[in-house]
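As stored in run_35.pdb (PDB, C-alpha atoms and all ligand atoms):
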```pdb
ATOM      1  CA  MET A 317      38.005  -1.337 -12.938
ATOM      2  CA  LYS A 318      37.969   2.087 -14.584
ATOM      3  CA  LYS A 319      35.544   0.853 -17.201
ATOM      4  CA  PHE A 320      33.310  -0.611 -14.509
ATOM      5  CA  ILE A 321      33.084   2.714 -12.672
ATOM      6  CA  PHE A 322      32.297   4.502 -15.922
ATOM      7  CA  ILE A 323      29.381   2.165 -16.605
ATOM      8  CA  ILE A 324      27.961   2.662 -13.130
ATOM      9  CA  ILE A 325      28.004   6.436 -13.569
ATOM     10  CA  LEU A 326      26.279   6.115 -16.914
ATOM     11  CA  LEU A 327      23.467   3.917 -15.627
ATOM     12  CA  VAL A 328      22.453   5.695 -12.467
ATOM     13  CA  ASN A 329      22.494   9.003 -10.761
ATOM     14  CA  ILE A 330      21.621   9.547  -7.181
ATOM     15  CA  VAL A 331      19.625  12.251  -5.393
ATOM     16  CA  ILE A 332      20.184  12.401  -1.659
ATOM     17  CA  PHE A 333      17.499  13.436   0.864
ATOM     18  CA  GLY A 334      17.642  13.459   4.686
ATOM     19  CA  ASN A 335      17.922   9.826   5.633
ATOM     20  CA  TYR A 336      17.338   8.252   2.264
ATOM     21  CA  TYR A 337      18.318   8.679  -1.365
ATOM     22  CA  ILE A 338      16.781   8.042  -4.743
ATOM     23  CA  VAL A 339      18.603   6.155  -7.453
ATOM     24  CA  ASN A 340      17.590   7.275 -10.939
ATOM     25  CA  TYR A 341      18.171   4.114 -12.912
ATOM     26  CA  TYR A 342      18.202   3.949 -16.709
ATOM     27  CA  VAL A 343      16.508   0.785 -17.959
ATOM     28  CA  GLN A 344      18.791  -1.598 -19.841
ATOM     29  CA  SER A 345      17.971  -4.408 -22.237
ATOM     30  CA  GLY A 346      16.589  -7.418 -20.320
ATOM     31  CA  ASP A 347      15.501  -5.478 -17.238
ATOM     32  CA  THR A 348      12.126  -6.266 -15.703
ATOM     33  CA  ILE A 349      10.485  -4.986 -12.541
ATOM     34  CA  TYR A 350      11.427  -8.308 -10.993
ATOM     35  CA  THR A 351      15.135  -8.194 -11.937
ATOM     36  CA  LEU A 352      15.361  -4.572 -10.764
ATOM     37  CA  SER A 353      13.774  -5.491  -7.452
ATOM     38  CA  LYS A 354      16.488  -8.133  -7.003
ATOM     39  CA  LYS A 355      19.279  -5.796  -8.134
ATOM     40  CA  PHE A 356      18.347  -3.078  -5.638
ATOM     41  CA  SER A 357      16.757  -5.242  -2.894
ATOM     42  CA  VAL A 358      13.496  -3.345  -3.209
ATOM     43  CA  SER A 359      10.065  -4.948  -3.524
ATOM     44  CA  PRO A 360       8.413  -4.622  -6.976
ATOM     45  CA  SER A 361       5.496  -2.918  -5.171
ATOM     46  CA  ILE A 362       7.783  -0.154  -3.959
ATOM     47  CA  ILE A 363       9.197   0.410  -7.463
ATOM     48  CA  LEU A 364       5.674   0.620  -8.911
ATOM     49  CA  ASP A 365       4.593   2.999  -6.160
ATOM     50  CA  TRP A 366       7.420   5.433  -6.960
ATOM     51  CA  ASN A 367       6.972   5.320 -10.734
ATOM     52  CA  ASP A 368       4.101   5.694 -13.180
ATOM     53  CA  ILE A 369       5.198   2.897 -15.452
ATOM     54  CA  ASP A 370       3.696  -0.037 -17.244
ATOM     55  CA  PRO A 371       5.125  -3.022 -15.326
ATOM     56  CA  TYR A 372       4.731  -5.261 -18.375
ATOM     57  CA  SER A 373       6.791  -3.204 -20.822
ATOM     58  CA  LEU A 374       9.770  -1.262 -19.574
ATOM     59  CA  LYS A 375      11.536   0.748 -22.251
ATOM     60  CA  ILE A 376      15.298   0.903 -22.682
ATOM     61  CA  GLY A 377      16.615   4.240 -21.450
ATOM     62  CA  GLN A 378      13.496   4.946 -19.384
ATOM     63  CA  VAL A 379      14.356   6.392 -15.962
ATOM     64  CA  ILE A 380      13.133   4.526 -12.902
ATOM     65  CA  LYS A 381      13.296   5.992  -9.400
ATOM     66  CA  ILE A 382      14.348   3.567  -6.694
ATOM     67  CA  PRO A 383      14.459   4.590  -3.027
ATOM     68  CA  GLN A 384      17.290   3.414  -0.804
ATOM     69  CA  PRO A 385      16.636   2.172   1.768
ATOM     70  CA  GLU A 386      13.319   0.733   0.653
ATOM     71  CA  GLY A 387      10.352   2.853   1.732
ATOM     72  CA  ILE A 388       7.433   4.967   0.606
ATOM     73  CA  LEU A 389       6.475   8.627   0.588
ATOM     74  CA  TYR A 390       3.417  10.206   2.105
ATOM     75  CA  GLU A 391       2.324  13.736   1.231
ATOM     76  CA  VAL A 392       0.872  15.542   4.245
ATOM     77  CA  LYS A 393      -2.755  16.651   3.806
ATOM     78  CA  GLN A 394      -4.842  19.339   5.512
ATOM     79  CA  GLY A 395      -5.683  18.208   9.043
ATOM     80  CA  ASP A 396      -3.081  15.424   9.215
ATOM     81  CA  THR A 397      -1.113  14.995  12.418
ATOM     82  CA  LEU A 398       1.968  12.844  12.830
ATOM     83  CA  TYR A 399      -0.163  10.548  14.943
ATOM     84  CA  ASP A 400      -2.700  10.083  12.110
ATOM     85  CA  ILE A 401       0.087   9.303   9.677
ATOM     86  CA  SER A 402       1.764   6.866  12.049
ATOM     87  CA  LEU A 403      -1.536   4.960  12.289
ATOM     88  CA  ARG A 404      -1.921   4.820   8.515
ATOM     89  CA  PHE A 405       1.498   3.204   8.237
ATOM     90  CA  PHE A 406       0.912   1.025  11.301
ATOM     91  CA  THR A 407       4.082   2.505  12.730
ATOM     92  CA  THR A 408       5.059   4.938  15.494
ATOM     93  CA  ILE A 409       5.487   8.706  15.591
ATOM     94  CA  ASP A 410       9.129   8.234  16.599
ATOM     95  CA  ALA A 411       9.829   6.053  13.562
ATOM     96  CA  ILE A 412       8.556   8.781  11.216
ATOM     97  CA  LYS A 413      10.396  11.529  13.066
ATOM     98  CA  SER A 414      13.730   9.761  12.959
ATOM     99  CA  ALA A 415      13.338   8.788   9.283
ATOM    100  CA  ASN A 416      12.742  12.440   8.364
ATOM    101  CA  ASN A 417      15.050  14.168  10.855
ATOM    102  CA  LEU A 418      12.087  15.913  12.488
ATOM    103  CA  LYS A 419      12.996  17.648  15.744
ATOM    104  CA  ASN A 420       9.372  18.164  16.828
ATOM    105  CA  ASN A 421       5.842  17.163  15.786
ATOM    106  CA  TYR A 422       5.363  20.089  13.394
ATOM    107  CA  ILE A 423       4.431  19.063   9.836
ATOM    108  CA  TYR A 424       2.949  21.085   6.976
ATOM    109  CA  VAL A 425       0.538  20.436   4.105
ATOM    110  CA  GLY A 426       2.401  19.181   1.031
ATOM    111  CA  GLN A 427       5.408  17.980   3.034
ATOM    112  CA  LYS A 428       6.698  14.639   1.806
ATOM    113  CA  LEU A 429       7.471  12.228   4.597
ATOM    114  CA  PHE A 430       9.534   9.114   3.975
ATOM    115  CA  VAL A 431       8.549   5.926   5.784
ATOM    116  CA  PRO A 432      11.111   3.096   5.509
ATOM    117  CA  THR A 433       9.606  -0.341   4.863
ATOM    118  CA  SER A 434      11.498  -1.630   7.893
ATOM    119  CA  LYS A 435       9.322   0.619  10.080
ATOM    120  CA  ILE A 436       5.983  -0.142   8.391
ATOM    121  CA  GLY A 437       3.752  -2.648  10.147
ATOM    122  CA  LEU A 438       5.136  -2.349  13.675
ATOM    123  CA  ALA A 439       1.462  -2.349  14.653
ATOM    124  CA  PHE A 440       0.005  -4.840  12.201
ATOM    125  CA  ASN A 441      -2.192  -6.959  14.396
ATOM    126  CA  VAL A 442      -1.047 -10.487  13.650
ATOM    127  CA  TYR A 443      -1.961 -12.092  16.948
ATOM    128  CA  ASP A 444      -5.412 -13.490  16.577
ATOM    129  CA  LYS A 445      -6.212 -13.970  12.888
ATOM    130  CA  ASP A 446      -4.795 -15.047   9.540
ATOM    131  CA  PHE A 447      -5.569 -11.677   8.001
ATOM    132  CA  ILE A 448      -4.410  -8.187   8.963
ATOM    133  CA  TRP A 449      -6.331  -4.947   8.469
ATOM    134  CA  PRO A 450      -5.197  -3.670   5.054
ATOM    135  CA  VAL A 451      -5.879   0.005   5.821
ATOM    136  CA  PHE A 452      -6.205   2.028   8.980
ATOM    137  CA  GLY A 453      -9.585   3.611   8.369
ATOM    138  CA  ARG A 454     -13.139   4.120   9.494
ATOM    139  CA  LEU A 455     -15.563   1.267   8.851
ATOM    140  CA  THR A 456     -18.314   3.092   6.950
ATOM    141  CA  SER A 457     -20.238   0.201   5.466
ATOM    142  CA  THR A 458     -20.522  -3.398   6.583
ATOM    143  CA  TYR A 459     -21.235  -6.565   4.628
ATOM    144  CA  GLY A 460     -24.881  -7.287   3.844
ATOM    145  CA  MET A 461     -28.059  -5.525   2.764
ATOM    146  CA  ARG A 462     -27.878  -1.751   2.573
ATOM    147  CA  GLU A 463     -29.236   1.186   0.655
ATOM    148  CA  HIS A 464     -26.719   1.876  -2.080
ATOM    149  CA  PRO A 465     -25.082   5.297  -1.521
ATOM    150  CA  ILE A 466     -25.305   6.225  -5.215
ATOM    151  CA  TYR A 467     -28.212   4.237  -6.669
ATOM    152  CA  HIS A 468     -30.361   4.528  -3.485
ATOM    153  CA  LYS A 469     -31.718   1.037  -4.023
ATOM    154  CA  VAL A 470     -31.512  -1.607  -1.365
ATOM    155  CA  SER A 471     -28.870  -4.081  -2.493
ATOM    156  CA  PHE A 472     -26.316  -6.463  -1.113
ATOM    157  CA  HIS A 473     -22.929  -4.987  -0.174
ATOM    158  CA  THR A 474     -20.427  -7.705  -0.979
ATOM    159  CA  GLY A 475     -17.594  -6.440   1.224
ATOM    160  CA  ILE A 476     -16.751  -3.815   3.807
ATOM    161  CA  ASP A 477     -15.786  -0.190   3.222
ATOM    162  CA  LEU A 478     -12.923   1.473   5.057
ATOM    163  CA  ALA A 479     -12.849   5.243   4.616
ATOM    164  CA  ALA A 480      -9.377   6.804   4.608
ATOM    165  CA  PRO A 481      -7.794   9.808   2.907
ATOM    166  CA  GLU A 482      -6.788   9.517  -0.758
ATOM    167  CA  GLY A 483      -3.233   8.174  -0.953
ATOM    168  CA  THR A 484      -3.403   6.154   2.258
ATOM    169  CA  PRO A 485      -1.288   3.028   1.719
ATOM    170  CA  ILE A 486      -3.060  -0.315   1.341
ATOM    171  CA  PHE A 487      -1.184  -3.320   2.712
ATOM    172  CA  SER A 488      -2.048  -6.837   1.663
ATOM    173  CA  ALA A 489      -4.217  -8.514   4.295
ATOM    174  CA  THR A 490      -2.648 -11.872   3.431
ATOM    175  CA  LYS A 491       0.179 -13.341   1.471
ATOM    176  CA  GLY A 492      -0.709 -14.649  -1.967
ATOM    177  CA  VAL A 493      -0.430 -14.222  -5.707
ATOM    178  CA  VAL A 494      -1.865 -11.284  -7.626
ATOM    179  CA  GLU A 495      -4.595 -12.428 -10.043
ATOM    180  CA  LEU A 496      -5.757  -9.016 -11.230
ATOM    181  CA  ALA A 497      -4.181  -5.576 -11.076
ATOM    182  CA  GLY A 498      -5.994  -2.776 -12.894
ATOM    183  CA  PRO A 499      -9.486  -1.665 -13.948
ATOM    184  CA  TYR A 500     -12.284  -3.959 -12.729
ATOM    185  CA  GLY A 501     -15.715  -2.557 -13.636
ATOM    186  CA  GLY A 502     -17.507  -0.692 -10.855
ATOM    187  CA  TYR A 503     -14.641  -1.523  -8.496
ATOM    188  CA  GLY A 504     -12.499   0.994 -10.417
ATOM    189  CA  LEU A 505      -8.789   0.298 -10.131
ATOM    190  CA  ALA A 506      -8.581  -2.944  -8.207
ATOM    191  CA  VAL A 507      -6.344  -5.754  -7.047
ATOM    192  CA  ILE A 508      -7.378  -9.376  -6.575
ATOM    193  CA  VAL A 509      -5.071 -11.624  -4.573
ATOM    194  CA  ARG A 510      -5.366 -15.404  -4.484
ATOM    195  CA  TYR A 511      -4.528 -16.900  -1.078
ATOM    196  CA  GLY A 512      -5.314 -20.615  -0.841
ATOM    197  CA  LYS A 513      -9.073 -20.986  -1.252
ATOM    198  CA  TYR A 514      -9.604 -17.246  -0.854
ATOM    199  CA  GLU A 515      -9.754 -14.452  -3.369
ATOM    200  CA  ILE A 516      -9.303 -11.071  -1.749
ATOM    201  CA  VAL A 517     -10.585  -8.053  -3.656
ATOM    202  CA  TYR A 518      -9.374  -4.485  -3.059
ATOM    203  CA  GLY A 519     -11.448  -1.849  -4.852
ATOM    204  CA  HIS A 520     -11.532   1.892  -5.750
ATOM    205  CA  LEU A 521      -7.740   2.401  -5.606
ATOM    206  CA  SER A 522      -6.075   5.609  -6.798
ATOM    207  CA  LYS A 523      -2.914   3.673  -7.633
ATOM    208  CA  VAL A 524      -2.109  -0.011  -8.090
ATOM    209  CA  CYS A 525       1.400  -1.070  -7.004
ATOM    210  CA  VAL A 526       1.417  -4.738  -7.975
ATOM    211  CA  TYR A 527       1.313  -6.685 -11.229
ATOM    212  CA  LYS A 528      -0.501  -9.848 -12.263
ATOM    213  CA  GLY A 529       1.444 -12.942 -11.229
ATOM    214  CA  GLN A 530       3.396 -11.169  -8.472
ATOM    215  CA  THR A 531       3.896 -13.141  -5.276
ATOM    216  CA  ILE A 532       3.277 -10.881  -2.312
ATOM    217  CA  SER A 533       3.659 -11.229   1.412
ATOM    218  CA  GLU A 534       1.257 -10.199   4.144
ATOM    219  CA  GLY A 535       1.639  -6.482   4.821
ATOM    220  CA  GLU A 536       3.207  -5.701   1.451
ATOM    221  CA  LEU A 537       2.109  -2.474  -0.206
ATOM    222  CA  ILE A 538      -0.431  -3.196  -2.941
ATOM    223  CA  GLY A 539      -1.688   0.295  -3.752
ATOM    224  CA  ARG A 540      -3.162   3.544  -2.485
ATOM    225  CA  VAL A 541      -6.673   4.450  -1.389
ATOM    226  CA  GLY A 542      -8.755   6.302  -3.969
ATOM    227  CA  SER A 543     -12.287   6.751  -5.242
ATOM    228  CA  THR A 544     -12.195   5.159  -8.704
ATOM    229  CA  GLY A 545     -15.191   3.243 -10.089
ATOM    230  CA  VAL A 546     -18.614   3.612  -8.485
ATOM    231  CA  SER A 547     -17.691   5.456  -5.292
ATOM    232  CA  THR A 548     -18.754   8.488  -3.245
ATOM    233  CA  GLY A 549     -15.364   9.286  -1.726
ATOM    234  CA  PRO A 550     -11.937   7.843  -0.913
ATOM    235  CA  HIS A 551     -12.247   4.439   0.689
ATOM    236  CA  LEU A 552     -11.140   0.846   0.319
ATOM    237  CA  HIS A 553     -13.741  -1.742  -0.606
ATOM    238  CA  PHE A 554     -12.441  -4.985   0.896
ATOM    239  CA  GLU A 555     -14.034  -8.241  -0.177
ATOM    240  CA  VAL A 556     -13.271 -11.899   0.481
ATOM    241  CA  ARG A 557     -14.509 -14.653  -1.836
ATOM    242  CA  ILE A 558     -14.392 -18.405  -1.363
ATOM    243  CA  ASN A 559     -14.873 -20.417  -4.564
ATOM    244  CA  GLY A 560     -16.218 -17.295  -6.225
ATOM    245  CA  ASN A 561     -18.808 -16.537  -3.514
ATOM    246  CA  HIS A 562     -18.418 -13.410  -1.410
ATOM    247  CA  THR A 563     -18.495 -13.853   2.336
ATOM    248  CA  ASN A 564     -18.306 -11.554   5.374
ATOM    249  CA  PRO A 565     -14.673 -10.310   5.549
ATOM    250  CA  ILE A 566     -15.031  -9.219   9.181
ATOM    251  CA  VAL A 567     -14.881 -12.900  10.168
ATOM    252  CA  PHE A 568     -11.266 -13.137   8.975
ATOM    253  CA  LEU A 569      -9.940  -9.858  10.372
ATOM    254  CA  PRO A 570      -8.781  -9.059  13.896
ATOM    255  CA  SER A 571     -11.515  -7.308  15.875
ATOM    256  CA  TYR A 572     -12.085  -3.687  14.883
ATOM    257  CA  ASN A 573     -10.678  -2.278  18.123
ATOM    258  CA  ARG A 574      -7.459  -4.182  17.485
ATOM    259  CA  MET A 575      -6.736  -2.563  14.144
ATOM    260  CA  TYR A 576      -3.605  -0.978  15.562
ATOM    261  CA  VAL A 577      -1.662  -2.844  18.229
ATOM    262  CA  LEU A 578       2.072  -2.321  18.605
ATOM    263  CA  LYS A 579       3.954  -5.593  18.376
ATOM    264  CA  SER A 580       7.147  -4.653  20.146
ATOM    265  CA  ASP A 581       5.877  -3.870  23.638
ATOM    266  CA  ASN A 582       2.248  -4.953  23.500
ATOM    267  CA  ILE A 583       1.007  -1.416  24.087
ATOM    268  CA  TYR A 584      -2.667  -1.426  23.271
ATOM    269  CA  VAL A 585      -3.570   1.686  21.358
ATOM    270  CA  GLY A 586      -6.771   0.549  19.700
ATOM    271  CA  GLY A 587      -8.624   1.546  16.567
ATOM    272  CA  GLU A 588     -10.422   4.705  15.604
TER     273      GLU A 588
HETATM  274 ZN    ZN B   1     -17.898  -1.331  -0.785
END
```

Using structure tokens, write down the structure that the file contains.
Ligand SMILES: [Zn+2]
Amino acid sequence: MKKFIFIIILLVNIVIFGNYYIVNYYVQSGDTIYTLSKKFSVSPSIILDWNDIDPYSLKIGQVIKIPQPEGILYEVKQGDTLYDISLRFFTTIDAIKSANNLKNNYIYVGQKLFVPTSKIGLAFNVYDKDFIWPVFGRLTSTYGMREHPIYHKVSFHTGIDLAAPEGTPIFSATKGVVELAGPYGGYGLAVIVRYGKYEIVYGHLSKVCVYKGQTISEGELIGRVGSTGVSTGPHLHFEVRINGNHTNPIVFLPSYNRMYVLKSDNIYVGGE
């Protein structure tokens, strides 16, 4: 028993915050993102979000931060209100306040707010469609012909654009298996998820939180909004392909004014 306790102390140390703590785990021989996710009951996406690591080659002795309970951080930006942030996590103001011991609605730029996974997605609209909105944002460009914002030539826009602040979490619109996670030409950092006959493309990310081959569920964190690749500002390019051909993604999503609908009590709050 004594030896067991000694080993535990050697392998981890713990930093405690308000209502959560971070385990600093030292990678051992044989560890993978997948085995760690099982060991700590945390999704691989959450581990990748908290750490800048190569998911394919962990190094022995490398320190990995793991939040307990499972959840993600959001750094408050100029102009953010608690309401804005609650929308971006598809959760409620009260959920964020209680997770961070906030007594009132005052927040400040640079503050790091913790949002437990258990509270994310309380307002994912899962009533009327197979897909959910992956980001709470402003629809700035629809599918179809348009003048390209950078090249100023009329061309076909193969998806929709959802503008949202850099760092806004992106949640998988469907379940599926990750086919690509990383640089993808003009799409910048991107994720492609295979779901049945569909391929769903997420472009211009600032951070990718999944790895190729990962099985993900609907609503799971897959990355953060950014402006990588050919892009004029932070937004998500969301594209749906069937047998390699792009198609209008709006068809698969709940209507735009049902981007945020609380599940628990059916309060209709609506989109932006
Ligand atoms: Zn686009």

- [ ] One decimal, Å: what's the distance from CA of Ile423 in chain A over to CA of Phe406 in chain A, could you say?
- [x] 18.4 Å

Open item on the list: Let me see if you get this right: every residue at most 6 Å from ligand ZN 1 (chain B), counting all atoms listed in the file, written as a PyMOL selection string.
Closed with: chain A and resi 475-477+553

Open item on the list: Please expand the PyMOL selection byres (((chain A and resi 532) around 12) and not hetatm) into the concrete residues it hits in this file, giving the result as a PyMOL selection string.
Closed with: chain A and resi 359-362+487-495+507-511+525-531+533-538

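Using only C-alpha atoms for every distance, the candidate list A:Ser522, A:Thr484, A:Thr456, A:Ser547 yields A:Thr484 as the residue closest to Leu403 in chain A.
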
Task: Nearby residues (all atoms listed in the file) at most 8 Å from Gly483 in chain A, same-chain spacing under 3 positions excluded, as a list of chain:residue names - done: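 Skipping anything fewer than 3 positions along the chain leaves A:Tyr390, A:Ser522, A:Arg540, A:Val541, A:Gly542.
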
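The space between CA of Lys375 in chain A and CA of Ala506 in chain A spans 24.8 Å.
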
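Shortest separation to Lys428 in chain A among A:Asp410, A:Asp400, A:Glu391, A:Asp446 occurs at residue A:Glu391, atoms counted being only C-alpha atoms.
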
TODO: Could you tell me which residues the PyMOL selection byres (((chain A and resi 338-340) around 7) and not hetatm) grabs in this file, written as number ranges by chain?
DONE: A: 328-332, 337, 341-342, 379-384

- [ ] To verify the selection step, state as number ranges by chain which residues the PyMOL selection byres (((chain A and resi 377) around 6) and not hetatm) yields on this input.
- [x] A: 342-343, 376, 378

Create the file for the chosen residues now, containing C-alpha atoms and written as a short mmCIF file (atom, residue, chain, number, x, y, z; two decimals), keeping the file's coordinate frame.
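What follows is the written file selection-v2.cif:
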```cif
data_model
loop_
_atom_site.label_atom_id
_atom_site.label_comp_id
_atom_site.auth_asym_id
_atom_site.auth_seq_id
_atom_site.Cartn_x
_atom_site.Cartn_y
_atom_site.Cartn_z
CA TYR A 342 18.20 3.95 -16.71
CA VAL A 343 16.51 0.78 -17.96
CA ILE A 376 15.30 0.90 -22.68
CA GLN A 378 13.50 4.95 -19.38
#
```

- [ ] Find, counting all atoms listed in the file, the residue in A:Phe472, A:Tyr422, A:Tyr514, A:Phe356 that gets nearest to Ile558 in chain A.
- [x] A:Tyr514

Open item on the list: Considering all atoms listed in the file, can you say which of A:Asn573, A:Asn335, A:Ser543, A:Asn420 comes closest to Leu455 in chain A?
Closed with: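 Counting all atoms listed in the file, the residue closest to Leu455 in chain A is A:Asn573.
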
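Distance-wise, CA of Phe447 in chain A and CA of Pro485 in chain A end up 16.6 Å apart.
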
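Closest approach to Leu389 in chain A among A:His562, A:Glu555, A:Tyr336, A:Phe440 is made by A:Tyr336 (distances from all atoms listed in the file).
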